[in-house]
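Peer 1: Got a structure for you, run.cif, holding mmCIF, N, CA and C atoms.
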```cif
data_entry
loop_
_atom_site.label_atom_id
_atom_site.label_comp_id
_atom_site.auth_asym_id
_atom_site.auth_seq_id
_atom_site.Cartn_x
_atom_site.Cartn_y
_atom_site.Cartn_z
N MET J 71 57.79 -25.90 11.94
CA MET J 71 58.50 -24.65 11.72
C MET J 71 58.62 -24.40 10.22
N HIS J 72 58.28 -23.22 9.81
CA HIS J 72 58.34 -22.84 8.40
C HIS J 72 59.79 -22.53 8.01
N VAL J 73 60.23 -23.05 6.88
CA VAL J 73 61.58 -22.80 6.38
C VAL J 73 61.51 -21.68 5.36
N SER J 74 62.36 -20.68 5.52
CA SER J 74 62.40 -19.54 4.61
C SER J 74 62.91 -19.97 3.25
N PRO J 75 62.37 -19.39 2.18
CA PRO J 75 62.78 -19.77 0.85
C PRO J 75 64.12 -19.18 0.40
N SER J 76 64.64 -18.22 1.11
CA SER J 76 65.91 -17.64 0.67
C SER J 76 66.81 -17.35 1.85
N THR J 77 68.08 -17.27 1.58
CA THR J 77 69.06 -16.98 2.62
C THR J 77 68.83 -15.60 3.22
N ALA J 78 68.49 -14.62 2.39
CA ALA J 78 68.27 -13.26 2.89
C ALA J 78 67.11 -13.22 3.88
N GLU J 79 66.01 -13.92 3.56
CA GLU J 79 64.87 -13.95 4.48
C GLU J 79 65.24 -14.68 5.76
N TRP J 80 66.04 -15.75 5.65
CA TRP J 80 66.46 -16.49 6.82
C TRP J 80 67.29 -15.60 7.74
N LEU J 81 68.21 -14.83 7.15
CA LEU J 81 69.03 -13.93 7.96
C LEU J 81 68.18 -12.86 8.64
N LEU J 82 67.18 -12.35 7.94
CA LEU J 82 66.28 -11.37 8.52
C LEU J 82 65.55 -11.96 9.72
N GLU J 83 65.07 -13.19 9.57
CA GLU J 83 64.32 -13.82 10.65
C GLU J 83 65.18 -14.09 11.88
N ILE J 84 66.41 -14.57 11.69
CA ILE J 84 67.20 -14.96 12.85
C ILE J 84 67.89 -13.80 13.53
N SER J 85 68.10 -12.72 12.82
CA SER J 85 68.88 -11.65 13.42
C SER J 85 68.10 -10.37 13.65
N GLY J 86 66.88 -10.29 13.16
CA GLY J 86 66.11 -9.08 13.35
C GLY J 86 66.70 -7.90 12.60
N LEU J 87 67.37 -8.18 11.48
CA LEU J 87 67.98 -7.10 10.72
C LEU J 87 66.94 -6.13 10.21
N THR J 88 67.29 -4.87 10.20
CA THR J 88 66.40 -3.85 9.68
C THR J 88 67.17 -2.98 8.71
N VAL J 89 66.51 -2.03 8.15
CA VAL J 89 67.16 -1.10 7.25
C VAL J 89 68.20 -0.33 8.04
N GLY J 90 69.39 -0.23 7.53
CA GLY J 90 70.43 0.48 8.26
C GLY J 90 71.51 1.00 7.32
N THR J 91 72.53 1.59 7.92
CA THR J 91 73.63 2.12 7.12
C THR J 91 74.64 1.02 6.87
N HIS J 92 75.48 1.24 5.88
CA HIS J 92 76.51 0.28 5.53
C HIS J 92 77.88 0.91 5.74
N GLY J 93 78.74 0.20 6.44
CA GLY J 93 80.11 0.65 6.63
C GLY J 93 80.21 1.99 7.34
N ASP J 94 81.08 2.84 6.81
CA ASP J 94 81.33 4.14 7.43
C ASP J 94 80.48 5.25 6.81
N ALA J 95 79.45 4.89 6.07
CA ALA J 95 78.62 5.90 5.42
C ALA J 95 77.90 6.73 6.49
N PRO J 96 77.77 8.04 6.27
CA PRO J 96 77.05 8.86 7.23
C PRO J 96 75.58 8.42 7.28
N GLN J 97 75.00 8.52 8.45
CA GLN J 97 73.64 8.07 8.64
C GLN J 97 72.64 9.10 8.11
N ASP J 98 71.77 8.66 7.22
CA ASP J 98 70.70 9.49 6.68
C ASP J 98 69.45 9.18 7.48
N ILE J 99 69.20 9.96 8.53
CA ILE J 99 68.10 9.70 9.45
C ILE J 99 66.75 9.72 8.73
N VAL J 100 66.55 10.67 7.86
CA VAL J 100 65.28 10.77 7.14
C VAL J 100 65.11 9.59 6.20
N GLY J 101 66.12 9.28 5.43
CA GLY J 101 66.05 8.15 4.51
C GLY J 101 65.84 6.84 5.22
N GLN J 102 66.54 6.65 6.33
CA GLN J 102 66.40 5.42 7.10
C GLN J 102 65.01 5.33 7.70
N GLY J 103 64.50 6.43 8.23
CA GLY J 103 63.16 6.42 8.82
C GLY J 103 62.09 6.12 7.78
N MET J 104 62.23 6.70 6.61
CA MET J 104 61.26 6.43 5.55
C MET J 104 61.34 4.98 5.09
N ALA J 105 62.56 4.43 5.07
CA ALA J 105 62.72 3.02 4.69
C ALA J 105 62.11 2.10 5.75
N LEU J 106 62.26 2.44 7.03
CA LEU J 106 61.65 1.64 8.09
C LEU J 106 60.13 1.70 8.01
N ALA J 107 59.59 2.85 7.68
CA ALA J 107 58.13 2.98 7.53
C ALA J 107 57.65 2.15 6.34
N ALA J 108 58.40 2.15 5.26
CA ALA J 108 58.04 1.34 4.09
C ALA J 108 58.12 -0.14 4.43
N GLN J 109 59.13 -0.52 5.20
CA GLN J 109 59.28 -1.90 5.64
C GLN J 109 58.08 -2.30 6.49
N LEU J 110 57.62 -1.41 7.36
CA LEU J 110 56.46 -1.68 8.21
C LEU J 110 55.21 -1.85 7.35
N ARG J 111 55.01 -0.98 6.38
CA ARG J 111 53.83 -1.08 5.51
C ARG J 111 53.82 -2.40 4.74
N ARG J 112 54.98 -2.79 4.23
CA ARG J 112 55.06 -4.05 3.48
C ARG J 112 54.79 -5.25 4.39
N ALA J 113 55.36 -5.25 5.58
CA ALA J 113 55.12 -6.35 6.51
C ALA J 113 53.66 -6.38 6.96
N ALA J 114 53.08 -5.21 7.15
CA ALA J 114 51.66 -5.13 7.54
C ALA J 114 50.78 -5.69 6.43
N THR J 115 51.09 -5.34 5.21
CA THR J 115 50.32 -5.84 4.07
C THR J 115 50.43 -7.36 3.99
N GLY J 116 51.63 -7.88 4.18
CA GLY J 116 51.82 -9.32 4.18
C GLY J 116 51.02 -10.00 5.27
N HIS J 117 51.02 -9.41 6.47
CA HIS J 117 50.27 -10.01 7.58
C HIS J 117 48.77 -9.98 7.31
N VAL J 118 48.27 -8.85 6.88
CA VAL J 118 46.84 -8.72 6.62
C VAL J 118 46.39 -9.71 5.56
N MET J 119 47.18 -9.86 4.52
CA MET J 119 46.81 -10.79 3.44
C MET J 119 46.92 -12.24 3.89
N ALA J 120 47.97 -12.60 4.61
CA ALA J 120 48.18 -13.98 5.01
C ALA J 120 47.20 -14.44 6.07
N ASP J 121 46.82 -13.52 6.96
CA ASP J 121 45.95 -13.90 8.07
C ASP J 121 44.48 -13.56 7.84
N GLY J 122 44.17 -12.92 6.73
CA GLY J 122 42.78 -12.61 6.43
C GLY J 122 42.17 -11.54 7.31
N CYS J 123 42.98 -10.61 7.78
CA CYS J 123 42.51 -9.55 8.68
C CYS J 123 42.15 -8.29 7.89
N LEU J 124 41.45 -8.43 6.79
CA LEU J 124 41.18 -7.29 5.92
C LEU J 124 40.26 -6.26 6.55
N THR J 125 39.27 -6.69 7.33
CA THR J 125 38.32 -5.75 7.91
C THR J 125 38.36 -5.74 9.43
N GLY J 126 39.04 -6.67 10.01
CA GLY J 126 39.15 -6.76 11.47
C GLY J 126 39.95 -8.00 11.80
N PRO J 127 40.28 -8.18 13.08
CA PRO J 127 41.06 -9.36 13.44
C PRO J 127 40.28 -10.64 13.14
N SER J 128 40.86 -11.54 12.38
CA SER J 128 40.20 -12.80 12.09
C SER J 128 40.26 -13.69 13.33
N SER J 129 39.42 -14.69 13.35
CA SER J 129 39.40 -15.60 14.51
C SER J 129 40.69 -16.40 14.61
N THR J 130 41.44 -16.48 13.53
CA THR J 130 42.70 -17.23 13.54
C THR J 130 43.93 -16.32 13.53
N CYS J 131 43.73 -15.02 13.70
CA CYS J 131 44.84 -14.07 13.65
C CYS J 131 45.91 -14.43 14.67
N ARG J 132 47.14 -14.53 14.21
CA ARG J 132 48.26 -14.90 15.07
C ARG J 132 48.57 -13.84 16.12
N LEU J 133 48.16 -12.60 15.88
CA LEU J 133 48.45 -11.53 16.82
C LEU J 133 47.46 -11.50 17.99
N ARG J 134 46.32 -12.16 17.86
CA ARG J 134 45.32 -12.17 18.93
C ARG J 134 45.87 -12.77 20.22
N GLU J 135 46.84 -13.66 20.10
CA GLU J 135 47.41 -14.33 21.27
C GLU J 135 48.26 -13.39 22.11
N LEU J 136 48.68 -12.28 21.55
CA LEU J 136 49.55 -11.34 22.25
C LEU J 136 48.74 -10.35 23.07
N ASP J 137 49.31 -9.90 24.18
CA ASP J 137 48.72 -8.77 24.90
C ASP J 137 48.86 -7.57 23.98
N GLY J 138 47.76 -6.95 23.63
CA GLY J 138 47.81 -5.85 22.69
C GLY J 138 47.74 -6.30 21.25
N GLY J 139 47.43 -7.56 21.03
CA GLY J 139 47.38 -8.11 19.68
C GLY J 139 46.31 -7.48 18.80
N GLU J 140 45.17 -7.13 19.39
CA GLU J 140 44.12 -6.49 18.59
C GLU J 140 44.59 -5.12 18.12
N ALA J 141 45.31 -4.40 18.97
CA ALA J 141 45.86 -3.10 18.56
C ALA J 141 46.91 -3.29 17.46
N ALA J 142 47.69 -4.35 17.56
CA ALA J 142 48.69 -4.64 16.53
C ALA J 142 48.01 -4.95 15.20
N CYS J 143 46.93 -5.72 15.25
CA CYS J 143 46.21 -6.05 14.02
C CYS J 143 45.56 -4.79 13.43
N ARG J 144 45.04 -3.93 14.28
CA ARG J 144 44.46 -2.66 13.81
C ARG J 144 45.54 -1.80 13.14
N LEU J 145 46.73 -1.74 13.75
CA LEU J 145 47.84 -1.01 13.15
C LEU J 145 48.18 -1.60 11.78
N ALA J 146 48.22 -2.92 11.69
CA ALA J 146 48.53 -3.56 10.42
C ALA J 146 47.53 -3.14 9.35
N ARG J 147 46.26 -3.11 9.69
CA ARG J 147 45.24 -2.69 8.71
C ARG J 147 45.39 -1.20 8.36
N GLU J 148 45.77 -0.38 9.33
CA GLU J 148 45.92 1.06 9.09
C GLU J 148 47.08 1.37 8.14
N VAL J 149 48.19 0.66 8.29
CA VAL J 149 49.37 0.99 7.49
C VAL J 149 49.55 0.11 6.27
N ALA J 150 48.76 -0.95 6.16
CA ALA J 150 48.87 -1.83 5.00
C ALA J 150 48.58 -1.04 3.73
N THR J 151 49.29 -1.40 2.69
CA THR J 151 49.11 -0.72 1.41
C THR J 151 48.10 -1.49 0.57
N ALA J 152 48.26 -1.47 -0.71
CA ALA J 152 47.31 -2.09 -1.63
C ALA J 152 47.12 -3.58 -1.33
N ASP J 153 46.00 -4.08 -1.76
CA ASP J 153 45.65 -5.48 -1.62
C ASP J 153 46.56 -6.30 -2.53
N ASP J 154 47.68 -6.78 -2.00
CA ASP J 154 48.68 -7.47 -2.80
C ASP J 154 48.79 -8.92 -2.35
N SER J 155 48.08 -9.81 -3.03
CA SER J 155 48.06 -11.21 -2.63
C SER J 155 49.41 -11.89 -2.87
N SER J 156 50.32 -11.27 -3.63
CA SER J 156 51.63 -11.86 -3.84
C SER J 156 52.46 -11.84 -2.55
N LEU J 157 52.05 -11.01 -1.58
CA LEU J 157 52.78 -10.94 -0.31
C LEU J 157 52.30 -11.98 0.68
N ALA J 158 51.17 -12.63 0.41
CA ALA J 158 50.62 -13.59 1.35
C ALA J 158 51.59 -14.77 1.51
N THR J 159 51.99 -15.02 2.74
CA THR J 159 52.88 -16.12 3.05
C THR J 159 52.27 -16.89 4.20
N ASP J 160 53.06 -17.68 4.83
CA ASP J 160 52.62 -18.42 5.99
C ASP J 160 52.16 -17.43 7.07
N PRO J 161 50.97 -17.61 7.64
CA PRO J 161 50.46 -16.66 8.64
C PRO J 161 51.37 -16.47 9.85
N ASP J 162 51.98 -17.55 10.33
CA ASP J 162 52.88 -17.42 11.48
C ASP J 162 54.10 -16.56 11.12
N ARG J 163 54.65 -16.83 9.96
CA ARG J 163 55.83 -16.08 9.52
C ARG J 163 55.49 -14.61 9.26
N SER J 164 54.35 -14.35 8.64
CA SER J 164 53.97 -12.96 8.35
C SER J 164 53.73 -12.18 9.64
N ALA J 165 53.13 -12.81 10.64
CA ALA J 165 52.93 -12.14 11.93
C ALA J 165 54.27 -11.83 12.59
N HIS J 166 55.20 -12.78 12.51
CA HIS J 166 56.53 -12.59 13.08
C HIS J 166 57.26 -11.43 12.38
N LEU J 167 57.20 -11.41 11.04
CA LEU J 167 57.86 -10.34 10.29
C LEU J 167 57.22 -8.98 10.58
N PHE J 168 55.90 -8.96 10.76
CA PHE J 168 55.24 -7.70 11.08
C PHE J 168 55.69 -7.20 12.45
N MET J 169 55.76 -8.07 13.44
CA MET J 169 56.19 -7.63 14.77
C MET J 169 57.65 -7.20 14.76
N GLN J 170 58.48 -7.83 13.95
CA GLN J 170 59.87 -7.37 13.79
C GLN J 170 59.89 -5.97 13.21
N ALA J 171 59.02 -5.73 12.23
CA ALA J 171 58.97 -4.42 11.58
C ALA J 171 58.47 -3.35 12.55
N VAL J 172 57.53 -3.70 13.42
CA VAL J 172 57.05 -2.75 14.44
C VAL J 172 58.19 -2.38 15.37
N ARG J 173 58.94 -3.37 15.81
CA ARG J 173 60.08 -3.13 16.70
C ARG J 173 61.08 -2.19 16.04
N ALA J 174 61.40 -2.44 14.79
CA ALA J 174 62.36 -1.61 14.07
C ALA J 174 61.80 -0.21 13.83
N ALA J 175 60.54 -0.13 13.45
CA ALA J 175 59.92 1.17 13.15
C ALA J 175 59.83 2.06 14.37
N ALA J 176 59.65 1.47 15.53
CA ALA J 176 59.54 2.26 16.76
C ALA J 176 60.79 3.11 16.98
N THR J 177 61.92 2.67 16.47
CA THR J 177 63.16 3.43 16.64
C THR J 177 63.18 4.69 15.78
N ALA J 178 62.32 4.76 14.77
CA ALA J 178 62.29 5.92 13.86
C ALA J 178 61.24 6.95 14.24
N VAL J 179 60.40 6.65 15.22
CA VAL J 179 59.30 7.56 15.58
C VAL J 179 59.83 8.92 16.04
N PHE J 180 60.86 8.93 16.86
CA PHE J 180 61.42 10.19 17.35
C PHE J 180 61.81 11.09 16.18
N HIS J 181 62.51 10.51 15.21
CA HIS J 181 62.98 11.31 14.07
C HIS J 181 61.84 11.71 13.15
N CYS J 182 60.82 10.87 13.04
CA CYS J 182 59.65 11.25 12.24
C CYS J 182 58.97 12.46 12.85
N ARG J 183 58.79 12.42 14.16
CA ARG J 183 58.14 13.55 14.83
C ARG J 183 58.99 14.81 14.76
N ARG J 184 60.27 14.64 14.72
CA ARG J 184 61.18 15.79 14.69
C ARG J 184 61.35 16.36 13.28
N HIS J 185 61.36 15.49 12.27
CA HIS J 185 61.65 15.94 10.90
C HIS J 185 60.41 16.03 10.02
N ALA J 186 59.52 15.05 10.08
CA ALA J 186 58.38 15.02 9.16
C ALA J 186 57.16 15.78 9.69
N HIS J 187 56.88 15.64 10.98
CA HIS J 187 55.67 16.25 11.54
C HIS J 187 55.64 17.78 11.41
N PRO J 188 56.74 18.48 11.62
CA PRO J 188 56.68 19.94 11.45
C PRO J 188 56.27 20.36 10.04
N ALA J 189 56.52 19.49 9.06
CA ALA J 189 56.14 19.79 7.68
C ALA J 189 54.73 19.27 7.36
N GLY J 190 54.02 18.75 8.38
CA GLY J 190 52.67 18.24 8.17
C GLY J 190 52.64 16.85 7.56
N ASP J 191 53.69 16.09 7.74
CA ASP J 191 53.79 14.75 7.17
C ASP J 191 54.04 13.75 8.28
N CYS J 192 53.84 12.48 7.98
CA CYS J 192 54.19 11.40 8.90
C CYS J 192 54.59 10.20 8.05
N TRP J 193 55.76 9.64 8.33
CA TRP J 193 56.25 8.51 7.56
C TRP J 193 55.36 7.29 7.71
N PHE J 194 54.61 7.21 8.80
CA PHE J 194 53.82 6.03 9.10
C PHE J 194 52.34 6.19 8.75
N SER J 195 52.02 7.23 8.04
CA SER J 195 50.63 7.48 7.69
C SER J 195 50.56 7.94 6.24
N GLY J 196 49.55 7.47 5.55
CA GLY J 196 49.38 7.88 4.17
C GLY J 196 48.70 9.23 4.04
N ASN J 197 48.23 9.76 5.15
CA ASN J 197 47.58 11.07 5.13
C ASN J 197 48.17 11.93 6.24
N ALA J 198 47.52 12.98 6.61
CA ALA J 198 48.08 13.93 7.59
C ALA J 198 47.90 13.48 9.03
N THR J 199 47.42 12.27 9.28
CA THR J 199 47.24 11.82 10.66
C THR J 199 48.57 11.38 11.26
N ASP J 200 48.60 11.26 12.57
CA ASP J 200 49.80 10.87 13.29
C ASP J 200 49.84 9.35 13.42
N GLY J 201 50.55 8.69 12.51
CA GLY J 201 50.70 7.24 12.59
C GLY J 201 51.70 6.82 13.63
N CYS J 202 52.56 7.75 14.04
CA CYS J 202 53.59 7.45 15.05
C CYS J 202 52.97 6.98 16.36
N ALA J 203 51.88 7.60 16.74
CA ALA J 203 51.23 7.25 18.01
C ALA J 203 50.83 5.78 18.02
N SER J 204 50.26 5.30 16.93
CA SER J 204 49.84 3.90 16.85
C SER J 204 51.04 2.95 16.87
N VAL J 205 52.10 3.33 16.17
CA VAL J 205 53.31 2.49 16.15
C VAL J 205 53.87 2.36 17.57
N LEU J 206 53.98 3.47 18.27
CA LEU J 206 54.51 3.42 19.64
C LEU J 206 53.59 2.67 20.59
N ALA J 207 52.29 2.88 20.47
CA ALA J 207 51.34 2.20 21.36
C ALA J 207 51.46 0.69 21.22
N VAL J 208 51.55 0.23 19.98
CA VAL J 208 51.67 -1.21 19.75
C VAL J 208 53.03 -1.70 20.23
N ALA J 209 54.08 -0.99 19.91
CA ALA J 209 55.42 -1.39 20.32
C ALA J 209 55.53 -1.51 21.83
N HIS J 210 54.97 -0.58 22.55
CA HIS J 210 55.04 -0.61 24.01
C HIS J 210 54.22 -1.76 24.60
N ARG J 211 53.14 -2.13 23.94
CA ARG J 211 52.28 -3.18 24.47
C ARG J 211 52.77 -4.58 24.18
N VAL J 212 53.23 -4.80 22.96
CA VAL J 212 53.48 -6.19 22.55
C VAL J 212 54.94 -6.59 22.52
N ILE J 213 55.85 -5.65 22.62
CA ILE J 213 57.26 -5.99 22.53
C ILE J 213 57.87 -5.94 23.92
N ALA J 214 58.36 -7.09 24.33
CA ALA J 214 58.95 -7.19 25.66
C ALA J 214 60.42 -6.87 25.64
#
```
Mind converting the file's structure to structure tokens?

Peer 2:
Amino acid sequence: MHVSPSTAEWLLEISGLTVGTHGDAPQDIVGQGMALAAQLRRAATGHVMADGCLTGPSSTCRLRELDGGEAACRLAREVATADDSSLATDPDRSAHLFMQAVRAAATAVFHCRRHAHPAGDCWFSGNATDGCASVLAVAHRVIA
């Protein structure tokens, strides 16, 4: 079992914490959704770098074991940002963090489609395509 290097990462791993509001602050749906999308992109980048899935699922990809794992790996490649080797961590941990981020991001799809799509934008896509569809497809397949 991999031990997290910091208390914050350990808390994230054990509790599935995601971006959220603090205290009695009013909920900023758009800001929270954009933060969840950024969290997904960062986790995807970490997974792609750690598992070597730059052009397709590697033979050792941790997501291949899951039903829908190839779709999850494809989503990771679609939303991953720049080639940032500083994010590469333990492959098992990066796959776990990516799946946590997919679970959290799925909760923001409704608001993305309601707020961003009418303006021709999508929080989960770097261009005008609908990234929400891929996030939901993976979430429905791999998250029990």

Peer 1: What gap, in Å, lies between atom C of J:Leu206 and atom C of J:Asp137?

Peer 2: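 So the two atoms, atom C of J:Leu206 and atom C of J:Asp137, lie 11.8 Å apart.
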
Peer 1: Could you give me, as an MDAnalysis selection string, the residues within 7 Å of J:Ala175, counting only C-alpha atoms and dropping anything in the same chain fewer than 6 positions from it?

Peer 2: chainID J and resid 106:107 110

Peer 1: Using only N, CA and C atoms, can you tell me which of J:Leu133, J:Ala203, J:Ile99, J:Ala150 comes closest to J:His166?

Peer 2: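 Under the stated criterion, the closest residue is J:Leu133.
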
Peer 1: If you count only C-alpha atoms, which residues fall within 12 Å of stretch 187-191 of chain J, apart from same-chain ones fewer than 4 positions away, as a PyMOL selection string?

Peer 2: chain J and resi 100+104+179-183+195-203

Peer 1: Return as a PyMOL selection string the full set of residues in stretch 126-211 of chain J whose backbone-based DSSP assignment is helix (DSSP H, G or I).

Peer 2: chain J and resi 132-135+139-149+155-157+161-176+179-189+201-211

Peer 1: Every residue with an atom at most 10 Å from (50.8, -6.4, 10.9) (file coordinates; only C-alpha atoms) is what I'm after, so could you write them as a ChimeraX atom specification?

Peer 2: /J:110-121,123,132-133,139,141-150,164-172

Peer 1: One number please: atom CA of J:Val208 to atom C of J:Gly138, in Å, one decimal.

Peer 2: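 About the pair atom CA of J:Val208 and atom C of J:Gly138: they are 6.6 Å apart.
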
Peer 1: In Å, how far is it from atom CA of J:Ala108 to atom CA of J:Trp193?

Peer 2: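 Between atom CA of J:Ala108 and atom CA of J:Trp193 the gap is 8.2 Å.
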